[in-house]
Amino acid sequence: MAAITPQHTFEGNLFSQPLVSTGANVFAVTEPDYKTFIPANSLRRISRLLKMGLTTALKCMQDSGLSVPDAIVTGTGKGSLQDTERFLKDIRQYEERALNPTPFIQSTYNAVNGMIAVQQQVTTYNNTFVHRGFSFESALLDSMLLLEEGASHTLTGAFDEISAEHFYIKSRIGHWKKEMVNSAALYDHLTPGTISGEGAVFFTLTAAPTTQSYARVAGLKMLYKPSLTALTTGLATFLSQHGLSAKDIDLVITGRNGDNNFEHYYRQLDLGLPQVSQLPFKHLCGEYETAGAFALWLGAHMLKAQQVPQQWFPMVSQFPATLNRILIYNHFFGDQHTFILLERTAAPAV
């Protein structure tokens, strides 16, 4: 696994990294030194999101010892905003004449996948999902189906960025808080809107556990605009399909984001999972379409290490003693709702 996020997630020990916060309502990633993974002459020609996505993917493959995956599957909500905006500005500035095609080419949603494939000389299955709040989860589902059909491993990830223009546009429809809020105190400000975020996360998925496995993706469920009753029913059905009940879940990672317009979904979740420990994660990365990938990365780390990075959760007083199953629940502005079930995996016998 690998992640470039607003926290120090790319290198070092996760459990000793300090909590990074922002007071600007825009949570930008902590960028690593890209020159280790991308040649200097290429760095000058590609946009920020492409650097983030390609570097995270290469780091993930390095972490797993994989050089050529059987498939590359990703999800993104917006693709490269920087390139899209640059191309649109050029259209207006040059009146649709003498346009540089590079920003258009790099703005396509599958540009990151293409760069990974070219650099690693991968000619196998390559797909990008752009389904708003279902983007990463659709990529995850597709990867699980590929593994069921015989693929030995997939490179699966997600990436999204925020720009000043996009932040302004979404602020006009109430996505972000009007008042400036420190991200570390996000849940103390239960008002309309939240804070924006961005990030890139990649995983190597295998059909069977290995000595390097972090966790097992045991289940995935997506619900589109469910009522509160449908949400409760969907959760109960999801757990029962895996032979589980609420008491079998050790921890819930929730997408709570301080937006009071959607807090009723999380109160409904509380009723369905009483007395189960919960950790919110949006104060760590902000809100964006593929934030669920960061939650999966975080949950997998905690299952493997059997501990929680407590310094990242000052709002939580008690943490579970053992972690065998983690449920991730997230939604994107009330439309796309997702459940992911993670289980602890034991290393195979040698």
# chains A, B, ... in the order shown; residues from 1 in each chain; ligands from 1

$ closest_atom_pairs --of "segment 197-301 of chain A" --to "segment 340-347 of chain A" --cutoff "10 Å" --atoms "only C-alpha atoms" --output "tab-separated table"
residue	atom	partner	partner_atom	distance
A:Pro209	CA	A:Ala347	CA	6.8
A:Thr210	CA	A:Ala347	CA	6.1
A:Thr211	CA	A:Ala347	CA	4.9
A:Gln212	CA	A:Ala347	CA	7.7
A:Ser213	CA	A:Thr345	CA	7.2
A:Tyr214	CA	A:Thr345	CA	7.0
A:Ala215	CA	A:Arg344	CA	5.1
A:Arg216	CA	A:Glu343	CA	5.1
A:Val217	CA	A:Leu342	CA	4.8
A:Ala218	CA	A:Leu341	CA	5.3
A:Gly219	CA	A:Leu341	CA	4.9
A:Leu220	CA	A:Ile340	CA	4.6
A:Lys221	CA	A:Ile340	CA	6.6
A:Met222	CA	A:Ile340	CA	8.9
A:Phe238	CA	A:Leu341	CA	9.1
A:Leu239	CA	A:Leu341	CA	8.8
A:His242	CA	A:Leu341	CA	9.4
A:Ile249	CA	A:Leu341	CA	9.2
A:Val252	CA	A:Leu341	CA	9.5
A:Ile253	CA	A:Ile340	CA	9.7
A:Gly292	CA	A:Ile340	CA	9.0
A:Ala295	CA	A:Ile340	CA	9.6
A:Leu296	CA	A:Ile340	CA	8.0
A:Gly299	CA	A:Leu342	CA	7.4
A:Ala300	CA	A:Leu342	CA	7.3

$ write_last_selection --atoms "N, CA, C and O atoms" --output "compact mmCIF listing (two decimals), in the first residue's frame"
# COMPACT_ATOMS: atom_id res chain seq x y z
N PRO A 209 -3.88 -14.54 0.78
CA PRO A 209 -3.00 -13.76 1.67
C PRO A 209 -1.54 -14.14 1.49
O PRO A 209 -1.22 -15.28 1.14
N THR A 210 -0.66 -13.18 1.72
CA THR A 210 0.78 -13.41 1.66
C THR A 210 1.39 -12.92 2.97
O THR A 210 0.70 -12.37 3.84
N THR A 211 2.67 -13.08 3.10
CA THR A 211 3.36 -12.61 4.31
C THR A 211 3.35 -11.09 4.41
O THR A 211 3.58 -10.53 5.49
N GLN A 212 3.09 -10.40 3.30
CA GLN A 212 3.07 -8.94 3.29
C GLN A 212 1.67 -8.36 3.40
O GLN A 212 1.51 -7.14 3.41
N SER A 213 0.66 -9.21 3.49
CA SER A 213 -0.72 -8.73 3.52
C SER A 213 -1.01 -7.88 4.75
O SER A 213 -0.55 -8.19 5.85
N TYR A 214 -1.78 -6.81 4.55
CA TYR A 214 -2.18 -5.95 5.66
C TYR A 214 -3.53 -6.38 6.23
O TYR A 214 -3.71 -6.40 7.45
N ALA A 215 -4.47 -6.70 5.35
CA ALA A 215 -5.83 -7.03 5.80
C ALA A 215 -6.57 -7.71 4.66
O ALA A 215 -6.10 -7.75 3.52
N ARG A 216 -7.74 -8.22 4.98
CA ARG A 216 -8.59 -8.87 3.98
C ARG A 216 -9.84 -8.03 3.75
O ARG A 216 -10.53 -7.65 4.71
N VAL A 217 -10.13 -7.72 2.48
CA VAL A 217 -11.38 -7.04 2.15
C VAL A 217 -12.45 -8.13 2.08
O VAL A 217 -12.55 -8.87 1.11
N ALA A 218 -13.24 -8.21 3.14
CA ALA A 218 -14.21 -9.31 3.26
C ALA A 218 -15.54 -9.01 2.61
O ALA A 218 -16.30 -9.92 2.28
N GLY A 219 -15.86 -7.73 2.41
CA GLY A 219 -17.16 -7.39 1.83
C GLY A 219 -17.24 -5.94 1.41
O GLY A 219 -16.51 -5.08 1.94
N LEU A 220 -18.13 -5.67 0.47
CA LEU A 220 -18.34 -4.32 -0.04
C LEU A 220 -19.80 -4.16 -0.43
O LEU A 220 -20.38 -5.05 -1.06
N LYS A 221 -20.39 -3.04 -0.05
CA LYS A 221 -21.79 -2.76 -0.41
C LYS A 221 -21.93 -1.29 -0.73
O LYS A 221 -21.40 -0.43 0.00
N MET A 222 -22.69 -0.99 -1.80
CA MET A 222 -22.94 0.39 -2.20
C MET A 222 -24.44 0.65 -2.25
O MET A 222 -25.19 -0.19 -2.77
N PHE A 238 -26.04 -6.55 5.10
CA PHE A 238 -24.62 -6.66 4.78
C PHE A 238 -23.90 -7.52 5.83
O PHE A 238 -23.13 -8.42 5.50
N LEU A 239 -24.17 -7.24 7.10
CA LEU A 239 -23.52 -8.01 8.16
C LEU A 239 -23.99 -9.46 8.17
O LEU A 239 -23.18 -10.39 8.31
N HIS A 242 -22.49 -11.94 5.85
CA HIS A 242 -21.16 -12.42 6.23
C HIS A 242 -21.18 -13.16 7.57
O HIS A 242 -20.13 -13.39 8.17
N ILE A 249 -18.21 -6.56 15.30
CA ILE A 249 -17.42 -5.46 14.74
C ILE A 249 -16.64 -4.79 15.88
O ILE A 249 -17.21 -4.36 16.87
N VAL A 252 -15.59 0.94 13.96
CA VAL A 252 -16.21 1.52 12.77
C VAL A 252 -15.45 2.80 12.42
O VAL A 252 -15.27 3.68 13.26
N ILE A 253 -14.97 2.87 11.18
CA ILE A 253 -14.37 4.10 10.66
C ILE A 253 -15.45 4.82 9.88
O ILE A 253 -15.97 4.29 8.89
N GLY A 292 -12.83 7.44 0.60
CA GLY A 292 -12.96 6.10 1.14
C GLY A 292 -11.70 5.28 0.99
O GLY A 292 -11.44 4.36 1.78
N ALA A 295 -9.63 5.81 4.03
CA ALA A 295 -10.17 5.06 5.16
C ALA A 295 -9.75 3.59 5.09
O ALA A 295 -9.41 2.98 6.11
N LEU A 296 -9.76 3.03 3.88
CA LEU A 296 -9.34 1.64 3.72
C LEU A 296 -7.86 1.48 4.03
O LEU A 296 -7.46 0.53 4.71
N GLY A 299 -7.53 1.71 7.87
CA GLY A 299 -8.02 0.51 8.53
C GLY A 299 -7.09 -0.67 8.35
O GLY A 299 -6.87 -1.45 9.30
N ALA A 300 -6.53 -0.84 7.16
CA ALA A 300 -5.62 -1.95 6.91
C ALA A 300 -4.36 -1.82 7.75
O ALA A 300 -3.85 -2.82 8.29

$ residues_around --residues "Thr74 of chain A" --least-positions-apart "4" --cutoff "6 Å" --atoms "only C-alpha atoms" --output "PyMOL selection string"
chain A and resi 128+139+156-158

$ write_last_selection --atoms "N, CA and C atoms" --output "compact mmCIF listing (two decimals), in the first residue's frame"
# COMPACT_ATOMS: atom_id res chain seq x y z
N THR A 128 -10.41 2.75 -15.57
CA THR A 128 -10.62 3.84 -14.61
C THR A 128 -12.12 4.07 -14.45
N ALA A 139 -13.95 0.66 -8.47
CA ALA A 139 -12.65 0.10 -8.83
C ALA A 139 -12.30 -1.09 -7.94
N THR A 156 -4.70 -1.41 -7.50
CA THR A 156 -5.98 -0.72 -7.36
C THR A 156 -5.79 0.56 -6.57
N GLY A 157 -6.34 1.67 -7.06
CA GLY A 157 -6.12 2.91 -6.35
C GLY A 157 -7.16 3.98 -6.65
N ALA A 158 -6.92 5.15 -6.09
CA ALA A 158 -7.82 6.29 -6.27
C ALA A 158 -7.01 7.57 -6.13

$ atom_distance --atom1 "atom CA of Ser227 of chain A" --atom2 "atom CA of Leu269 of chain A"
12.3 Å

$ select_by_dssp --residues "segment 83-151 of chain A" --states "helix (DSSP H, G or I)" --output "number ranges by chain"
A: 83-93, 102-107, 111-120, 132-148

$ residues_around --residues "segment 16-33 of chain A" --least-positions-apart "4" --cutoff "9 Å" --atoms "only C-alpha atoms" --output "PDB file with C-alpha atoms, in the first residue's frame"
ATOM      1  CA  ILE A   4      -0.047  10.649  -0.436  1.00  0.00           C
ATOM      2  CA  THR A   5      -2.458  12.573   1.780  1.00  0.00           C
ATOM      3  CA  PRO A   6      -2.521  15.717   3.934  1.00  0.00           C
ATOM      4  CA  GLN A   7      -0.976  13.609   6.724  1.00  0.00           C
ATOM      5  CA  HIS A   8       2.588  12.233   6.709  1.00  0.00           C
ATOM      6  CA  THR A   9       1.531   8.922   5.177  1.00  0.00           C
ATOM      7  CA  PHE A  10       4.053   8.381   2.376  1.00  0.00           C
ATOM      8  CA  GLU A  11       7.116   7.508   4.422  1.00  0.00           C
ATOM      9  CA  GLY A  12       8.010   6.647   8.012  1.00  0.00           C
ATOM     10  CA  PHE A  37      10.248   7.924  -8.613  1.00  0.00           C
ATOM     11  CA  MET A  52       0.784  12.200  -6.996  1.00  0.00           C
ATOM     12  CA  THR A  55       4.410   8.194  -7.440  1.00  0.00           C
ATOM     13  CA  GLU A 161      -7.147  16.901  -6.192  1.00  0.00           C
ATOM     14  CA  ILE A 162      -8.611  20.249  -5.200  1.00  0.00           C
ATOM     15  CA  ALA A 164      -8.773  27.151  -5.983  1.00  0.00           C
ATOM     16  CA  PHE A 167     -13.127  25.090  -4.269  1.00  0.00           C
ATOM     17  CA  TRP A 176     -17.775  23.911   2.261  1.00  0.00           C
ATOM     18  CA  LYS A 177     -18.165  25.707   5.569  1.00  0.00           C
ATOM     19  CA  LYS A 178     -18.520  29.461   5.398  1.00  0.00           C
ATOM     20  CA  GLU A 179     -16.616  29.974   8.629  1.00  0.00           C
ATOM     21  CA  MET A 180     -12.934  29.080   8.903  1.00  0.00           C
ATOM     22  CA  VAL A 181     -12.556  25.867  10.919  1.00  0.00           C
ATOM     23  CA  ASN A 182      -9.430  24.125  12.145  1.00  0.00           C
ATOM     24  CA  SER A 183      -9.523  20.573  10.808  1.00  0.00           C
ATOM     25  CA  ALA A 184      -8.488  19.127  14.195  1.00  0.00           C
ATOM     26  CA  THR A 194     -17.325  20.677   5.541  1.00  0.00           C
ATOM     27  CA  ILE A 195     -13.662  21.102   4.508  1.00  0.00           C
ATOM     28  CA  SER A 196     -12.279  20.075   1.132  1.00  0.00           C
ATOM     29  CA  GLY A 197      -9.496  17.553   0.698  1.00  0.00           C
ATOM     30  CA  GLU A 198      -7.470  15.525  -1.762  1.00  0.00           C
ATOM     31  CA  GLY A 199      -5.200  12.513  -1.930  1.00  0.00           C
ATOM     32  CA  ALA A 200      -3.878   9.501  -3.818  1.00  0.00           C
ATOM     33  CA  HIS A 283     -10.351  15.610   9.831  1.00  0.00           C
ATOM     34  CA  LEU A 284      -7.283  13.794   8.484  1.00  0.00           C
ATOM     35  CA  CYS A 285      -7.890  14.170   4.750  1.00  0.00           C
ATOM     36  CA  GLY A 286     -10.883  16.425   4.119  1.00  0.00           C
ATOM     37  CA  GLU A 287     -13.871  15.610   1.914  1.00  0.00           C
ATOM     38  CA  PRO A 309      -2.515   6.016  15.739  1.00  0.00           C
ATOM     39  CA  GLN A 311      -2.264  11.003  18.234  1.00  0.00           C
ATOM     40  CA  TRP A 312      -4.480  11.425  15.158  1.00  0.00           C
ATOM     41  CA  PHE A 313      -7.703  11.115  17.152  1.00  0.00           C
TER      42      PHE A 313
END

$ closest_residue --among "A:Arg267, A:Lys35, A:Lys59, A:His189" --to "Ala3 of chain A" --atoms "only C-alpha atoms"
A:Lys59

$ residues_around --residues "Gln82 of chain A" --least-positions-apart "5" --cutoff "9 Å" --atoms "only C-alpha atoms" --output "list of chain:residue names"
A:Ser47, A:Arg48, A:Leu49, A:Phe87, A:Pro103, A:Ser107, A:Glu161, A:Ile162, A:Ser163

$ select_by_dssp --residues "segment 90-202 of chain A" --states "strand (DSSP E)" --output "list in words"
Tyr125, Asn126, Asn127, Thr128, Phe129, His153, Thr154, Leu155, Thr156, Gly157, Ala158, Phe159, Asp160, Gly199, Ala200, Val201 and Phe202 of chain A

$ residues_around --residues "segment 316-321 of chain A" --least-positions-apart "5" --cutoff "12 Å" --atoms "only C-alpha atoms" --output "ChimeraX atom specification"
/A:184-185,187,249-252,275-281,302-303,305-311,326

$ closest_residue --among "A:Ala230, A:Ala98, A:Met61, A:Ile173" --to "Thr204 of chain A" --atoms "only C-alpha atoms"
A:Met61

$ closest_residue --among "A:Tyr34, A:Phe134, A:Tyr266, A:Phe203" --to "Gln336 of chain A" --atoms "only C-alpha atoms"
A:Phe134

$ residues_around --residues "Val112 of chain A" --least-positions-apart "5" --cutoff "7 Å" --atoms "only C-alpha atoms" --output "PDB file with N, CA and C atoms, in the first residue's frame"
ATOM      1  N   LEU A  50      -0.941  14.066 -11.593  1.00  0.00           N
ATOM      2  CA  LEU A  50      -0.244  12.963 -12.242  1.00  0.00           C
ATOM      3  C   LEU A  50       1.002  12.567 -11.453  1.00  0.00           C
ATOM      4  N   GLY A  53      -0.415  10.590  -8.381  1.00  0.00           N
ATOM      5  CA  GLY A  53      -0.918   9.271  -8.713  1.00  0.00           C
ATOM      6  C   GLY A  53       0.174   8.308  -9.114  1.00  0.00           C
ATOM      7  N   LEU A  54       1.072   8.743 -10.019  1.00  0.00           N
ATOM      8  CA  LEU A  54       2.145   7.871 -10.483  1.00  0.00           C
ATOM      9  C   LEU A  54       3.096   7.505  -9.354  1.00  0.00           C
TER      10      LEU A  54
END

$ residues_around --residues "segment 255-260 of chain A" --least-positions-apart "3" --cutoff "6 Å" --atoms "only C-alpha atoms" --output "MDAnalysis selection string"
chainID A and resid 186:187 190:194 263 280 282 330

$ write_last_selection --atoms "N, CA, C and O atoms" --output "PDB file, in the first residue's frame"
ATOM      1  N   LEU A 186     -12.823  19.813  13.698  1.00  0.00           N
ATOM      2  CA  LEU A 186     -13.899  19.779  12.706  1.00  0.00           C
ATOM      3  C   LEU A 186     -15.235  19.350  13.303  1.00  0.00           C
ATOM      4  O   LEU A 186     -16.282  19.914  12.985  1.00  0.00           O
ATOM      5  N   TYR A 187     -15.215  18.351  14.183  1.00  0.00           N
ATOM      6  CA  TYR A 187     -16.461  17.779  14.695  1.00  0.00           C
ATOM      7  C   TYR A 187     -17.084  18.624  15.809  1.00  0.00           C
ATOM      8  O   TYR A 187     -18.195  18.346  16.250  1.00  0.00           O
ATOM      9  N   LEU A 190     -20.575  21.673  14.145  1.00  0.00           N
ATOM     10  CA  LEU A 190     -21.639  20.977  13.427  1.00  0.00           C
ATOM     11  C   LEU A 190     -22.528  22.018  12.741  1.00  0.00           C
ATOM     12  O   LEU A 190     -23.579  22.398  13.251  1.00  0.00           O
ATOM     13  N   THR A 191     -22.069  22.485  11.589  1.00  0.00           N
ATOM     14  CA  THR A 191     -22.743  23.522  10.818  1.00  0.00           C
ATOM     15  C   THR A 191     -22.799  23.065   9.357  1.00  0.00           C
ATOM     16  O   THR A 191     -22.166  22.065   8.988  1.00  0.00           O
ATOM     17  N   PRO A 192     -23.533  23.772   8.492  1.00  0.00           N
ATOM     18  CA  PRO A 192     -23.578  23.370   7.083  1.00  0.00           C
ATOM     19  C   PRO A 192     -22.202  23.388   6.429  1.00  0.00           C
ATOM     20  O   PRO A 192     -21.395  24.290   6.669  1.00  0.00           O
ATOM     21  N   GLY A 193     -21.931  22.381   5.604  1.00  0.00           N
ATOM     22  CA  GLY A 193     -20.677  22.304   4.874  1.00  0.00           C
ATOM     23  C   GLY A 193     -19.580  21.598   5.636  1.00  0.00           C
ATOM     24  O   GLY A 193     -19.712  21.275   6.819  1.00  0.00           O
ATOM     25  N   THR A 194     -18.471  21.351   4.938  1.00  0.00           N
ATOM     26  CA  THR A 194     -17.325  20.677   5.541  1.00  0.00           C
ATOM     27  C   THR A 194     -16.055  21.306   4.983  1.00  0.00           C
ATOM     28  O   THR A 194     -16.084  22.437   4.488  1.00  0.00           O
ATOM     29  N   GLU A 263     -25.713  14.695   9.157  1.00  0.00           N
ATOM     30  CA  GLU A 263     -25.411  14.045  10.427  1.00  0.00           C
ATOM     31  C   GLU A 263     -26.434  12.975  10.770  1.00  0.00           C
ATOM     32  O   GLU A 263     -26.133  12.017  11.493  1.00  0.00           O
ATOM     33  N   PRO A 280     -13.838   8.820  13.376  1.00  0.00           N
ATOM     34  CA  PRO A 280     -14.048   9.598  12.146  1.00  0.00           C
ATOM     35  C   PRO A 280     -12.691   9.840  11.483  1.00  0.00           C
ATOM     36  O   PRO A 280     -11.658   9.849  12.155  1.00  0.00           O
ATOM     37  N   LYS A 282     -12.384  12.201   8.437  1.00  0.00           N
ATOM     38  CA  LYS A 282     -12.339  13.328   7.502  1.00  0.00           C
ATOM     39  C   LYS A 282     -11.498  14.505   8.018  1.00  0.00           C
ATOM     40  O   LYS A 282     -11.073  15.356   7.222  1.00  0.00           O
ATOM     41  N   ASN A 330     -19.027   5.275   4.724  1.00  0.00           N
ATOM     42  CA  ASN A 330     -18.783   6.614   4.198  1.00  0.00           C
ATOM     43  C   ASN A 330     -19.879   6.956   3.192  1.00  0.00           C
ATOM     44  O   ASN A 330     -20.511   6.070   2.616  1.00  0.00           O
TER      45      ASN A 330
END

$ closest_residue --among "A:Met1, A:Phe262, A:Ala293, A:Thr206" --to "Glu148 of chain A" --atoms "only C-alpha atoms"
A:Thr206
